[in-house]
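J.: I am sharing run04.pdb, which consists of PDB, C-alpha atoms:
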```
ATOM      1  CA  MET A   1     -28.808  48.332 -18.541
ATOM      2  CA  PRO A   2     -31.594  47.646 -16.020
ATOM      3  CA  GLU A   3     -31.456  49.746 -12.884
ATOM      4  CA  ALA A   4     -30.397  48.094  -9.649
ATOM      5  CA  GLU A   5     -33.229  47.577  -7.195
ATOM      6  CA  VAL A   6     -30.888  47.147  -4.224
ATOM      7  CA  GLN A   7     -27.340  48.337  -3.548
ATOM      8  CA  PRO A   8     -25.606  45.933  -1.132
ATOM      9  CA  THR A   9     -22.954  47.553   1.057
ATOM     10  CA  ALA A  10     -19.792  46.057   2.490
ATOM     11  CA  ALA A  11     -21.215  46.399   5.999
ATOM     12  CA  GLN A  12     -24.356  44.552   4.939
ATOM     13  CA  VAL A  13     -22.312  41.766   3.346
ATOM     14  CA  ARG A  14     -20.264  41.478   6.536
ATOM     15  CA  ARG A  15     -23.462  40.993   8.535
ATOM     16  CA  LEU A  16     -24.725  38.330   6.122
ATOM     17  CA  LEU A  17     -21.451  36.432   6.335
ATOM     18  CA  ALA A  18     -21.258  36.663  10.114
ATOM     19  CA  ALA A  19     -24.793  35.370  10.534
ATOM     20  CA  GLN A  20     -24.743  32.544   8.007
ATOM     21  CA  LEU A  21     -21.305  31.165   7.114
ATOM     22  CA  PRO A  22     -20.814  27.532   8.175
ATOM     23  CA  PRO A  23     -17.886  26.606  10.442
ATOM     24  CA  GLU A  24     -15.631  25.534   7.582
ATOM     25  CA  LEU A  25     -15.865  29.029   6.042
ATOM     26  CA  ARG A  26     -15.816  31.154   9.229
ATOM     27  CA  GLU A  27     -12.168  32.041   8.611
ATOM     28  CA  LEU A  28     -13.420  34.343   5.840
ATOM     29  CA  LEU A  29     -14.785  36.678   8.501
ATOM     30  CA  ASP A  30     -11.222  37.791   9.250
ATOM     31  CA  ARG A  31     -10.359  38.463   5.597
ATOM     32  CA  PRO A  32     -10.514  41.852   3.852
ATOM     33  CA  LEU A  33     -13.789  42.541   2.037
ATOM     34  CA  THR A  34     -13.598  44.779  -1.036
ATOM     35  CA  PRO A  35     -16.304  45.895  -3.512
ATOM     36  CA  VAL A  36     -15.138  44.839  -6.971
ATOM     37  CA  ALA A  37     -17.871  45.434  -9.521
ATOM     38  CA  GLN A  38     -21.568  45.734 -10.193
ATOM     39  CA  GLY A  39     -22.927  44.404 -13.462
ATOM     40  CA  TRP A  40     -26.368  43.982 -14.935
ATOM     41  CA  ASP A  41     -27.371  41.330 -12.415
ATOM     42  CA  ASN A  42     -24.994  41.118  -9.463
ATOM     43  CA  ALA A  43     -22.805  43.062  -7.095
ATOM     44  CA  LEU A  44     -19.438  41.420  -6.506
ATOM     45  CA  PHE A  45     -17.296  41.691  -3.370
ATOM     46  CA  ARG A  46     -13.914  40.035  -3.034
ATOM     47  CA  ILE A  47     -13.224  38.458   0.342
ATOM     48  CA  GLY A  48      -9.668  37.406   1.004
ATOM     49  CA  PRO A  49      -7.442  36.073  -1.788
ATOM     50  CA  ALA A  50      -9.566  33.146  -2.937
ATOM     51  CA  HIS A  51     -13.276  33.950  -2.593
ATOM     52  CA  ALA A  52     -15.956  36.405  -3.696
ATOM     53  CA  VAL A  53     -19.528  37.167  -2.693
ATOM     54  CA  ARG A  54     -22.164  37.564  -5.421
ATOM     55  CA  LEU A  55     -25.471  39.263  -4.637
ATOM     56  CA  PRO A  56     -28.290  39.940  -7.130
ATOM     57  CA  VAL A  57     -29.120  43.625  -7.450
ATOM     58  CA  ARG A  58     -32.563  43.084  -9.000
ATOM     59  CA  ARG A  59     -35.285  40.504  -8.482
ATOM     60  CA  ALA A  60     -35.155  39.248 -12.080
ATOM     61  CA  ALA A  61     -31.532  38.175 -11.517
ATOM     62  CA  VAL A  62     -32.323  35.835  -8.627
ATOM     63  CA  PRO A  63     -33.119  32.801 -10.853
ATOM     64  CA  CYS A  64     -29.781  33.356 -12.599
ATOM     65  CA  LEU A  65     -27.930  33.171  -9.292
ATOM     66  CA  LEU A  66     -29.804  30.013  -8.321
ATOM     67  CA  HIS A  67     -28.943  28.401 -11.664
ATOM     68  CA  GLU A  68     -25.333  29.449 -11.201
ATOM     69  CA  VAL A  69     -25.159  27.866  -7.747
ATOM     70  CA  ARG A  70     -26.840  24.681  -8.946
ATOM     71  CA  TRP A  71     -25.158  24.135 -12.310
ATOM     72  CA  THR A  72     -21.757  25.879 -12.604
ATOM     73  CA  ALA A  73     -19.744  22.896 -11.388
ATOM     74  CA  GLU A  74     -21.489  20.470 -13.765
ATOM     75  CA  ALA A  75     -21.611  22.697 -16.838
ATOM     76  CA  GLY A  76     -18.019  23.849 -16.394
ATOM     77  CA  GLU A  77     -16.556  20.523 -15.298
ATOM     78  CA  PRO A  78     -14.620  19.796 -18.562
ATOM     79  CA  LEU A  79     -12.754  23.121 -18.322
ATOM     80  CA  ALA A  80     -10.486  21.954 -15.513
ATOM     81  CA  ALA A  81      -8.671  19.616 -17.914
ATOM     82  CA  LEU A  82      -7.880  22.675 -20.075
ATOM     83  CA  GLY A  83      -6.500  24.660 -17.152
ATOM     84  CA  ILE A  84      -9.474  27.030 -17.225
ATOM     85  CA  ALA A  85     -11.095  27.830 -13.881
ATOM     86  CA  VAL A  86     -14.747  28.572 -13.120
ATOM     87  CA  PRO A  87     -16.111  30.460 -10.087
ATOM     88  CA  ARG A  88     -17.319  27.359  -8.269
ATOM     89  CA  PRO A  89     -19.958  28.182  -5.643
ATOM     90  CA  VAL A  90     -19.023  27.065  -2.130
ATOM     91  CA  PHE A  91     -21.983  28.473  -0.146
ATOM     92  CA  ARG A  92     -25.495  29.708  -0.841
ATOM     93  CA  GLY A  93     -26.806  32.313   1.561
ATOM     94  CA  ARG A  94     -30.316  33.313   2.595
ATOM     95  CA  PRO A  95     -31.996  36.723   2.794
ATOM     96  CA  GLY A  96     -31.001  38.675   5.867
ATOM     97  CA  ALA A  97     -29.446  41.859   7.257
ATOM     98  CA  GLY A  98     -31.910  43.855   5.206
ATOM     99  CA  TYR A  99     -30.894  42.093   1.969
ATOM    100  CA  PRO A 100     -33.956  40.448   0.351
ATOM    101  CA  TRP A 101     -32.663  37.565  -1.831
ATOM    102  CA  PRO A 102     -30.348  34.546  -1.952
ATOM    103  CA  TRP A 103     -26.645  35.220  -2.458
ATOM    104  CA  ALA A 104     -23.535  33.099  -2.860
ATOM    105  CA  VAL A 105     -19.874  32.742  -1.969
ATOM    106  CA  VAL A 106     -17.809  31.558  -4.945
ATOM    107  CA  ARG A 107     -14.181  30.865  -5.743
ATOM    108  CA  TRP A 108     -12.267  33.919  -6.954
ATOM    109  CA  ILE A 109     -10.586  33.581 -10.368
ATOM    110  CA  GLU A 110      -7.287  35.447 -10.520
ATOM    111  CA  GLY A 111      -6.429  37.365 -13.680
ATOM    112  CA  GLN A 112      -7.631  40.230 -15.861
ATOM    113  CA  ALA A 113     -10.718  40.610 -18.017
ATOM    114  CA  VAL A 114     -10.061  40.018 -21.708
ATOM    115  CA  ALA A 115     -12.059  43.205 -22.358
ATOM    116  CA  THR A 116      -9.075  45.185 -21.020
ATOM    117  CA  LEU A 117      -6.589  43.476 -23.365
ATOM    118  CA  PRO A 118      -6.056  45.086 -26.796
ATOM    119  CA  VAL A 119      -7.639  42.987 -29.553
ATOM    120  CA  ALA A 120      -4.304  42.651 -31.350
ATOM    121  CA  ARG A 121      -2.971  40.723 -28.337
ATOM    122  CA  ARG A 122      -5.817  38.194 -28.157
ATOM    123  CA  SER A 123      -4.589  35.684 -30.757
ATOM    124  CA  GLY A 124      -3.786  32.949 -28.249
ATOM    125  CA  LEU A 125      -7.118  33.476 -26.548
ATOM    126  CA  ALA A 126      -9.154  32.688 -29.667
ATOM    127  CA  GLU A 127      -8.158  29.045 -29.808
ATOM    128  CA  ASP A 128      -8.297  28.794 -26.008
ATOM    129  CA  LEU A 129     -11.907  29.973 -25.972
ATOM    130  CA  ALA A 130     -12.774  27.717 -28.894
ATOM    131  CA  ARG A 131     -11.528  24.696 -26.962
ATOM    132  CA  ALA A 132     -13.284  25.877 -23.814
ATOM    133  CA  LEU A 133     -16.692  26.346 -25.421
ATOM    134  CA  SER A 134     -16.368  23.138 -27.440
ATOM    135  CA  SER A 135     -15.738  21.247 -24.206
ATOM    136  CA  VAL A 136     -18.738  22.850 -22.511
ATOM    137  CA  HIS A 137     -21.009  22.173 -25.520
ATOM    138  CA  ARG A 138     -21.913  18.584 -24.722
ATOM    139  CA  PRO A 139     -25.416  17.106 -24.354
ATOM    140  CA  ALA A 140     -27.137  18.553 -21.306
ATOM    141  CA  PRO A 141     -29.399  16.599 -18.956
ATOM    142  CA  GLU A 142     -33.159  16.966 -19.170
ATOM    143  CA  ALA A 143     -33.165  18.955 -15.920
ATOM    144  CA  ALA A 144     -30.722  21.601 -17.238
ATOM    145  CA  PRO A 145     -32.225  25.081 -17.181
ATOM    146  CA  ARG A 146     -33.595  26.751 -20.289
ATOM    147  CA  HIS A 147     -33.146  30.470 -20.886
ATOM    148  CA  PRO A 148     -35.603  32.803 -22.657
ATOM    149  CA  HIS A 149     -32.807  34.821 -24.311
ATOM    150  CA  ARG A 150     -29.937  32.339 -24.778
ATOM    151  CA  GLY A 151     -29.745  29.125 -26.770
ATOM    152  CA  VAL A 152     -33.270  29.482 -28.127
ATOM    153  CA  PRO A 153     -34.303  29.676 -31.802
ATOM    154  CA  LEU A 154     -33.603  33.147 -33.144
ATOM    155  CA  GLY A 155     -37.269  33.679 -33.940
ATOM    156  CA  ASP A 156     -38.164  33.066 -30.297
ATOM    157  CA  ARG A 157     -35.474  35.489 -29.158
ATOM    158  CA  LEU A 158     -36.824  38.190 -31.452
ATOM    159  CA  ARG A 159     -40.389  37.657 -30.261
ATOM    160  CA  THR A 160     -39.527  37.865 -26.556
ATOM    161  CA  ALA A 161     -36.884  40.616 -26.705
ATOM    162  CA  PRO A 162     -36.870  42.404 -30.075
ATOM    163  CA  PRO A 163     -34.159  45.003 -30.647
ATOM    164  CA  SER A 164     -35.150  48.639 -30.911
ATOM    165  CA  TRP A 165     -33.774  49.197 -34.380
ATOM    166  CA  PRO A 166     -34.665  52.919 -34.386
ATOM    167  CA  ASP A 167     -32.555  53.329 -31.233
ATOM    168  CA  VAL A 168     -29.728  51.376 -32.850
ATOM    169  CA  ALA A 169     -29.948  53.573 -35.944
ATOM    170  CA  ALA A 170     -29.866  56.708 -33.802
ATOM    171  CA  VAL A 171     -26.528  55.605 -32.314
ATOM    172  CA  LEU A 172     -24.848  53.786 -35.190
ATOM    173  CA  GLY A 173     -26.490  55.442 -38.170
ATOM    174  CA  PRO A 174     -29.233  54.016 -40.416
ATOM    175  CA  ARG A 175     -26.925  52.147 -42.808
ATOM    176  CA  ARG A 176     -25.002  50.321 -40.090
ATOM    177  CA  ALA A 177     -28.217  49.472 -38.259
ATOM    178  CA  GLU A 178     -29.693  48.103 -41.476
ATOM    179  CA  ARG A 179     -26.606  45.979 -42.099
ATOM    180  CA  LEU A 180     -26.803  44.553 -38.559
ATOM    181  CA  ARG A 181     -30.459  43.785 -39.154
ATOM    182  CA  GLY A 182     -29.474  42.014 -42.369
ATOM    183  CA  VAL A 183     -27.088  39.777 -40.399
ATOM    184  CA  VAL A 184     -29.968  38.884 -38.068
ATOM    185  CA  ASP A 185     -32.256  38.161 -41.018
ATOM    186  CA  ASP A 186     -29.633  35.862 -42.528
ATOM    187  CA  GLY A 187     -29.434  33.965 -39.259
ATOM    188  CA  LEU A 188     -33.204  33.558 -39.303
ATOM    189  CA  ARG A 189     -32.955  31.954 -42.752
ATOM    190  CA  ALA A 190     -30.328  29.463 -41.565
ATOM    191  CA  ALA A 191     -31.432  25.982 -40.601
ATOM    192  CA  PRO A 192     -32.170  25.716 -36.860
ATOM    193  CA  TRP A 193     -30.284  23.554 -34.387
ATOM    194  CA  SER A 194     -31.698  20.036 -34.768
ATOM    195  CA  ARG A 195     -29.536  18.097 -32.322
ATOM    196  CA  PRO A 196     -30.163  17.600 -28.601
ATOM    197  CA  PRO A 197     -29.652  20.727 -26.481
ATOM    198  CA  VAL A 198     -26.084  21.193 -25.291
ATOM    199  CA  TRP A 199     -24.672  22.935 -22.251
ATOM    200  CA  LEU A 200     -24.010  26.654 -22.790
ATOM    201  CA  HIS A 201     -22.050  29.124 -20.721
ATOM    202  CA  GLY A 202     -24.689  31.630 -21.813
ATOM    203  CA  ASP A 203     -22.715  34.888 -21.886
ATOM    204  CA  PRO A 204     -19.078  34.546 -23.053
ATOM    205  CA  HIS A 205     -18.422  38.228 -23.754
ATOM    206  CA  PRO A 206     -14.946  39.715 -23.114
ATOM    207  CA  TRP A 207     -15.783  40.890 -19.588
ATOM    208  CA  ASN A 208     -16.572  37.273 -18.628
ATOM    209  CA  LEU A 209     -13.282  35.903 -19.971
ATOM    210  CA  VAL A 210     -10.247  35.960 -17.660
ATOM    211  CA  HIS A 211      -6.691  35.829 -18.957
ATOM    212  CA  ARG A 212      -3.156  35.814 -17.656
ATOM    213  CA  ASP A 213      -0.362  36.720 -20.048
ATOM    214  CA  GLY A 214      -2.710  36.463 -23.016
ATOM    215  CA  ARG A 215      -3.980  32.936 -22.323
ATOM    216  CA  LEU A 216      -7.462  32.061 -21.137
ATOM    217  CA  THR A 217      -7.431  31.011 -17.486
ATOM    218  CA  GLY A 218     -11.024  31.588 -16.390
ATOM    219  CA  LEU A 219     -14.598  31.624 -17.619
ATOM    220  CA  ILE A 220     -16.774  33.489 -15.127
ATOM    221  CA  ASP A 221     -20.403  34.444 -14.525
ATOM    222  CA  PHE A 222     -22.464  31.332 -15.200
ATOM    223  CA  GLY A 223     -25.679  33.186 -14.374
ATOM    224  CA  ASP A 224     -27.014  32.521 -17.892
ATOM    225  CA  VAL A 225     -25.967  28.859 -17.908
ATOM    226  CA  CYS A 226     -28.523  26.845 -19.841
ATOM    227  CA  ALA A 227     -29.088  24.168 -22.478
ATOM    228  CA  GLY A 228     -29.847  24.910 -26.105
ATOM    229  CA  ASP A 229     -28.372  25.931 -29.461
ATOM    230  CA  PRO A 230     -24.603  26.630 -29.183
ATOM    231  CA  ALA A 231     -24.848  29.491 -31.702
ATOM    232  CA  SER A 232     -25.483  32.058 -28.964
ATOM    233  CA  ASP A 233     -22.211  31.064 -27.252
ATOM    234  CA  LEU A 234     -20.264  31.044 -30.523
ATOM    235  CA  ALA A 235     -21.283  34.674 -31.042
ATOM    236  CA  GLY A 236     -18.474  35.445 -28.619
ATOM    237  CA  ALA A 237     -16.075  35.011 -31.551
ATOM    238  CA  TRP A 238     -17.342  38.319 -32.961
ATOM    239  CA  LEU A 239     -17.504  40.052 -29.591
ATOM    240  CA  ALA A 240     -13.890  39.266 -28.661
ATOM    241  CA  PHE A 241     -11.825  38.638 -31.792
ATOM    242  CA  ASP A 242     -10.895  40.078 -35.165
ATOM    243  CA  ALA A 243     -11.363  38.262 -38.480
ATOM    244  CA  HIS A 244      -7.982  36.507 -38.414
ATOM    245  CA  GLN A 245      -8.411  35.377 -34.804
ATOM    246  CA  ARG A 246     -11.967  34.268 -35.561
ATOM    247  CA  THR A 247     -10.639  32.022 -38.329
ATOM    248  CA  GLY A 248      -8.462  30.257 -35.779
ATOM    249  CA  PHE A 249     -11.418  30.047 -33.397
ATOM    250  CA  ARG A 250     -13.626  28.488 -36.060
ATOM    251  CA  THR A 251     -10.935  26.033 -37.172
ATOM    252  CA  VAL A 252     -10.761  24.602 -33.658
ATOM    253  CA  VAL A 253     -14.541  24.478 -33.223
ATOM    254  CA  ASP A 254     -15.155  22.947 -36.646
ATOM    255  CA  GLY A 255     -12.499  20.351 -35.889
ATOM    256  CA  THR A 256     -14.921  18.750 -33.431
ATOM    257  CA  GLY A 257     -17.236  17.793 -36.323
ATOM    258  CA  ARG A 258     -20.304  18.955 -34.402
ATOM    259  CA  TYR A 259     -21.037  22.242 -36.187
ATOM    260  CA  ASP A 260     -22.119  23.265 -39.683
ATOM    261  CA  ASP A 261     -22.278  26.484 -41.698
ATOM    262  CA  ASP A 262     -25.769  27.245 -40.414
ATOM    263  CA  VAL A 263     -24.603  27.431 -36.798
ATOM    264  CA  TRP A 264     -22.094  30.130 -37.806
ATOM    265  CA  ARG A 265     -24.784  32.129 -39.630
ATOM    266  CA  ARG A 266     -26.914  31.973 -36.492
ATOM    267  CA  ALA A 267     -23.883  32.854 -34.335
ATOM    268  CA  ALA A 268     -23.247  35.999 -36.391
ATOM    269  CA  ALA A 269     -26.917  36.903 -35.955
ATOM    270  CA  TRP A 270     -26.601  36.471 -32.179
ATOM    271  CA  ALA A 271     -23.556  38.739 -32.205
ATOM    272  CA  ALA A 272     -25.566  41.377 -34.079
ATOM    273  CA  LEU A 273     -28.375  41.055 -31.522
ATOM    274  CA  TYR A 274     -25.935  41.432 -28.619
ATOM    275  CA  ALA A 275     -24.541  44.589 -30.181
ATOM    276  CA  ALA A 276     -28.022  45.969 -30.808
ATOM    277  CA  ALA A 277     -29.082  45.236 -27.232
ATOM    278  CA  LEU A 278     -25.994  46.901 -25.766
ATOM    279  CA  VAL A 279     -26.364  49.942 -27.984
ATOM    280  CA  SER A 280     -29.929  50.525 -26.837
ATOM    281  CA  ALA A 281     -29.380  49.689 -23.142
ATOM    282  CA  PRO A 282     -26.654  51.978 -21.769
ATOM    283  CA  GLY A 283     -26.029  52.089 -18.051
ATOM    284  CA  THR A 284     -23.610  51.477 -15.227
ATOM    285  CA  GLY A 285     -21.394  48.468 -14.770
ATOM    286  CA  PRO A 286     -18.696  47.144 -17.115
ATOM    287  CA  ASP A 287     -18.031  49.492 -20.025
ATOM    288  CA  PHE A 288     -19.376  47.720 -23.088
ATOM    289  CA  ARG A 289     -18.803  50.611 -25.493
ATOM    290  CA  ALA A 290     -15.557  49.151 -26.797
ATOM    291  CA  VAL A 291     -17.200  45.720 -27.128
ATOM    292  CA  VAL A 292     -20.034  47.246 -29.156
ATOM    293  CA  ARG A 293     -17.667  49.192 -31.421
ATOM    294  CA  HIS A 294     -15.571  46.103 -32.028
ATOM    295  CA  THR A 295     -18.550  43.812 -32.692
ATOM    296  CA  VAL A 296     -20.127  46.247 -35.123
ATOM    297  CA  ALA A 297     -16.807  46.618 -36.927
ATOM    298  CA  GLN A 298     -16.632  42.822 -37.334
ATOM    299  CA  LEU A 299     -20.138  42.595 -38.789
ATOM    300  CA  VAL A 300     -20.412  45.777 -40.855
ATOM    301  CA  PRO A 301     -17.983  46.599 -43.708
ATOM    302  CA  PRO A 302     -15.837  49.639 -42.876
ATOM    303  CA  ASP A 303     -17.106  51.582 -45.915
ATOM    304  CA  ILE A 304     -20.636  51.665 -44.465
ATOM    305  CA  ALA A 305     -21.130  54.751 -42.319
TER
END
```
Show the structure stored in the file as C-alpha cells.

T.:
Amino acid sequence: MPEAEVQPTAAQVRRLLAAQLPPELRELLDRPLTPVAQGWDNALFRIGPAHAVRLPVRRAAVPCLLHEVRWTAEAGEPLAALGIAVPRPVFRGRPGAGYPWPWAVVRWIEGQAVATLPVARRSGLAEDLARALSSVHRPAPEAAPRHPHRGVPLGDRLRTAPPSWPDVAAVLGPRRAERLRGVVDDGLRAAPWSRPPVWLHGDPHPWNLVHRDGRLTGLIDFGDVCAGDPASDLAGAWLAFDAHQRTGFRTVVDGTGRYDDDVWRRAAAWAALYAAALVSAPGTGPDFRAVVRHTVAQLVPPDIA
C-alpha cells in the first residue's frame, strides 16, 4: 500500500469545515467528528449521523476524489431503484488549514462492510451485487473518465502496472503464483471488450460493499469510477463470493444478455491481478489479508500448495 503523504487530523478537518462550509451545511459544525478509516487513497471522518468527510492522503489520489465528486451521482444513479445507496457528494472543499488538496463532504452510508461478514453468510449479497453492477454497466458518455488500471484491456494493465510475480511466489509459493499467472494468461487470450465503454464502479471489493442483515445496501468509494470493460468490476465475484454464490451472481449478470464467456475469463484474470497486487503491496488501512486468501482459494485448486 502506498504511504500516506499527509495525515489529516480531526482538528484540521474542523478548521476546514468552519472556514468553507456553505450556510446550508453549517449545522454540521455542531456535530461530532470521528476518524473512521484511512485507506490507500483517503482519510475518512464521520460527521454527525448522515455525513462524512473524505480527504486524499497522497497527491496521486486527488484526481480520484475529483472524479468521485463529479461522477458518483451519475454513475450510481440506477442503484437507488434497487435500494442501494451511494456516498453522494454534497460539498467540495478547497485546500486550507495546512491541508494541501481538495476534499469533500459526502453522504454517510449506514451498515457494515461485507468484508467483515463470513463468506458463508453472503449468499443474498451475490445476486444483489450482480444486479447492482449490471445496472451501473450502461453506456457511459464520452466525457466519462478513463482509468489507467481499471476497465482497460488486460495487456495495457500489465504494461502499466505489472505484478511482481517473484514477490507473489515468495508469499503464496511458486505453484500458486504460477497458477494465478495462468489465470491472467487465459484472460489475455480471451477476446477483448468490443462494445462501447460502460460505466464502472471501479473497485467493488468487499470493503467497498455495505450490507445490513446480509443484503447489499450501499456501494461506496467511487474514486476509481470510470468507463471501460466491465470485466474489472465483475472480478468482484471472486473477491467476495464462493463458487456456489458466484454461480448465482453470474446467472443474474448473464440474464441481461450483455456478457459472454470471454468477459468472465477476463474477469477471473482481473481477480488474479487484484490478488497479486494486494499480496505484493502490504500496508496500513483495511485488512485485505482475508480478501487475498479467499480470492486465491477461488482461483487456485486446493491441492496446489

J.: Need to verify the contact set: Glu178 of chain A, 10 Å, all atoms listed in the file, exclusion of same-chain residues closer than 2 positions in sequence. Can you return it as a ChimeraX atom specification?

T.: /A:165-166,168-169,172-176,180-184,300

J.: Kindly assemble as CSV a list of the segment 127-213 of chain A residues that lie within 9 Å of segment 226-237 of chain A, each paired with its nearest atom pair and their distance in Å to one decimal, using only C-alpha atoms, sorted first by chain and then by ascending residue number.

T.:
```
residue,atom,partner,partner_atom,distance
A:Leu129,CA,A:Ala237,CA,8.6
A:Ala130,CA,A:Leu234,CA,8.4
A:Leu133,CA,A:Asp233,CA,7.5
A:His137,CA,A:Pro230,CA,6.8
A:Pro139,CA,A:Ala227,CA,8.2
A:Ala140,CA,A:Ala227,CA,6.1
A:Pro141,CA,A:Ala227,CA,8.4
A:Glu142,CA,A:Ala227,CA,8.9
A:Ala144,CA,A:Ala227,CA,6.1
A:Pro145,CA,A:Cys226,CA,4.9
A:Arg146,CA,A:Cys226,CA,5.1
A:His147,CA,A:Cys226,CA,6.0
A:Arg150,CA,A:Ser232,CA,6.1
A:Gly151,CA,A:Gly228,CA,4.3
A:Val152,CA,A:Gly228,CA,6.1
A:Pro153,CA,A:Asp229,CA,7.4
A:Pro192,CA,A:Asp229,CA,8.3
A:Trp193,CA,A:Asp229,CA,5.8
A:Ser194,CA,A:Asp229,CA,8.6
A:Arg195,CA,A:Asp229,CA,8.4
A:Pro196,CA,A:Gly228,CA,7.7
A:Pro197,CA,A:Gly228,CA,4.2
A:Val198,CA,A:Ala227,CA,5.1
A:Trp199,CA,A:Ala227,CA,4.6
A:Leu200,CA,A:Cys226,CA,5.4
A:His201,CA,A:Asp233,CA,6.8
A:Gly202,CA,A:Asp233,CA,6.0
A:Asp203,CA,A:Asp233,CA,6.6
A:Pro204,CA,A:Gly236,CA,5.7
A:His205,CA,A:Gly236,CA,5.6
A:Pro206,CA,A:Gly236,CA,7.8
```

J.: So how far away is atom CA of Trp238 of chain A from atom CA of Ala170 of chain A, in Å?

T.: 22.3 Å

J.: Could you check which of A:Val106, A:Ala81, A:Ala73, A:Ala97 is closest to Val53 of chain A, using all atoms listed in the file?

T.: A:Val106

J.: Compare A:Phe91, A:Phe45, A:Trp103, A:Phe222 by their minimum atom-to-atom distance to Val62 of chain A, counting all atoms listed in the file, and give me the closest one.

T.: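 The shortest atom-to-atom distance to Val62 of chain A comes from A:Trp103.
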
J.: What does the distance from atom CA of Val136 of chain A to atom CA of Val292 of chain A come to in Å, to one decimal?

T.: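 Between atom CA of Val136 of chain A and atom CA of Val292 of chain A the gap works out to 25.3 Å.
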
J.: Quick check, in Å to one decimal: how far apart do atom CA of Arg131 of chain A and atom CA of Val252 of chain A lie?

T.: 6.7 Å

J.: Quick one: apply the PyMOL selection byres ((chain A and resi 16-27) around 12) to the file and drop the selected residues here as a JSON list (two decimals) with C-alpha atoms, in the frame of the given file.

T.:
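The result, stored in selection_5.json:
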```json
[["chain", "number", "residue", "atom", "x", "y", "z"],
["A", 8, "PRO", "CA", -25.61, 45.93, -1.13],
["A", 9, "THR", "CA", -22.95, 47.55, 1.06],
["A", 10, "ALA", "CA", -19.79, 46.06, 2.49],
["A", 11, "ALA", "CA", -21.22, 46.40, 6.00],
["A", 12, "GLN", "CA", -24.36, 44.55, 4.94],
["A", 13, "VAL", "CA", -22.31, 41.77, 3.35],
["A", 14, "ARG", "CA", -20.26, 41.48, 6.54],
["A", 15, "ARG", "CA", -23.46, 40.99, 8.54],
["A", 28, "LEU", "CA", -13.42, 34.34, 5.84],
["A", 29, "LEU", "CA", -14.78, 36.68, 8.50],
["A", 30, "ASP", "CA", -11.22, 37.79, 9.25],
["A", 31, "ARG", "CA", -10.36, 38.46, 5.60],
["A", 32, "PRO", "CA", -10.51, 41.85, 3.85],
["A", 33, "LEU", "CA", -13.79, 42.54, 2.04],
["A", 45, "PHE", "CA", -17.30, 41.69, -3.37],
["A", 47, "ILE", "CA", -13.22, 38.46, 0.34],
["A", 48, "GLY", "CA", -9.67, 37.41, 1.00],
["A", 50, "ALA", "CA", -9.57, 33.15, -2.94],
["A", 51, "HIS", "CA", -13.28, 33.95, -2.59],
["A", 52, "ALA", "CA", -15.96, 36.40, -3.70],
["A", 53, "VAL", "CA", -19.53, 37.17, -2.69],
["A", 54, "ARG", "CA", -22.16, 37.56, -5.42],
["A", 55, "LEU", "CA", -25.47, 39.26, -4.64],
["A", 90, "VAL", "CA", -19.02, 27.06, -2.13],
["A", 91, "PHE", "CA", -21.98, 28.47, -0.15],
["A", 92, "ARG", "CA", -25.50, 29.71, -0.84],
["A", 93, "GLY", "CA", -26.81, 32.31, 1.56],
["A", 94, "ARG", "CA", -30.32, 33.31, 2.60],
["A", 95, "PRO", "CA", -32.00, 36.72, 2.79],
["A", 96, "GLY", "CA", -31.00, 38.67, 5.87],
["A", 97, "ALA", "CA", -29.45, 41.86, 7.26],
["A", 98, "GLY", "CA", -31.91, 43.86, 5.21],
["A", 99, "TYR", "CA", -30.89, 42.09, 1.97],
["A", 100, "PRO", "CA", -33.96, 40.45, 0.35],
["A", 101, "TRP", "CA", -32.66, 37.56, -1.83],
["A", 102, "PRO", "CA", -30.35, 34.55, -1.95],
["A", 103, "TRP", "CA", -26.64, 35.22, -2.46],
["A", 104, "ALA", "CA", -23.54, 33.10, -2.86],
["A", 105, "VAL", "CA", -19.87, 32.74, -1.97],
["A", 106, "VAL", "CA", -17.81, 31.56, -4.94]]
```

J.: Taking 4 positions as the minimum chain separation for residues in the same chain, which residues sit within 12 Å of Leu117 of chain A when counting all atoms listed in the file? Answer as a list in words.

T.: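 Contacts, in chain order: Gly111, Gln112, Ala113, Arg121, Arg122, Ser123, Gly124, Leu125, Pro206, Trp207, Leu209, Val210, His211, Arg212, Asp213, Gly214, Arg215, Leu216, Ala240, Phe241, Ala290 and Val291 of chain A.
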
J.: Can I get the selection written as a short mmCIF file (atom, residue, chain, number, x, y, z; two decimals), keeping the file's coordinate frame, with C-alpha atoms?

T.:
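In the end it all went to selection15.cif:
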```cif
data_model
loop_
_atom_site.label_atom_id
_atom_site.label_comp_id
_atom_site.auth_asym_id
_atom_site.auth_seq_id
_atom_site.Cartn_x
_atom_site.Cartn_y
_atom_site.Cartn_z
CA GLY A 111 -6.43 37.36 -13.68
CA GLN A 112 -7.63 40.23 -15.86
CA ALA A 113 -10.72 40.61 -18.02
CA ARG A 121 -2.97 40.72 -28.34
CA ARG A 122 -5.82 38.19 -28.16
CA SER A 123 -4.59 35.68 -30.76
CA GLY A 124 -3.79 32.95 -28.25
CA LEU A 125 -7.12 33.48 -26.55
CA PRO A 206 -14.95 39.72 -23.11
CA TRP A 207 -15.78 40.89 -19.59
CA LEU A 209 -13.28 35.90 -19.97
CA VAL A 210 -10.25 35.96 -17.66
CA HIS A 211 -6.69 35.83 -18.96
CA ARG A 212 -3.16 35.81 -17.66
CA ASP A 213 -0.36 36.72 -20.05
CA GLY A 214 -2.71 36.46 -23.02
CA ARG A 215 -3.98 32.94 -22.32
CA LEU A 216 -7.46 32.06 -21.14
CA ALA A 240 -13.89 39.27 -28.66
CA PHE A 241 -11.82 38.64 -31.79
CA ALA A 290 -15.56 49.15 -26.80
CA VAL A 291 -17.20 45.72 -27.13
#
```

J.: Counting only C-alpha atoms, which of A:Ile84, A:Gln7, A:Val253, A:Ile109 gets nearest to Arg46 of chain A?

T.: A:Ile109

J.: Which residues come within 10 Å of Leu188 of chain A, counting all atoms listed in the file, excluding same-chain residues fewer than 5 positions away, as number ranges by chain?

T.: A: 153-155, 158, 182-183, 262, 265-266, 269

J.: Quick one: write out the picked residues with C-alpha atoms as a tab-separated table (two decimals), keeping the file's coordinate frame?

T.:
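Once written, result01.tsv looks like this:
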```tsv
chain	number	residue	atom	x	y	z
A	153	PRO	CA	-34.30	29.68	-31.80
A	154	LEU	CA	-33.60	33.15	-33.14
A	155	GLY	CA	-37.27	33.68	-33.94
A	158	LEU	CA	-36.82	38.19	-31.45
A	182	GLY	CA	-29.47	42.01	-42.37
A	183	VAL	CA	-27.09	39.78	-40.40
A	262	ASP	CA	-25.77	27.24	-40.41
A	265	ARG	CA	-24.78	32.13	-39.63
A	266	ARG	CA	-26.91	31.97	-36.49
A	269	ALA	CA	-26.92	36.90	-35.96
```
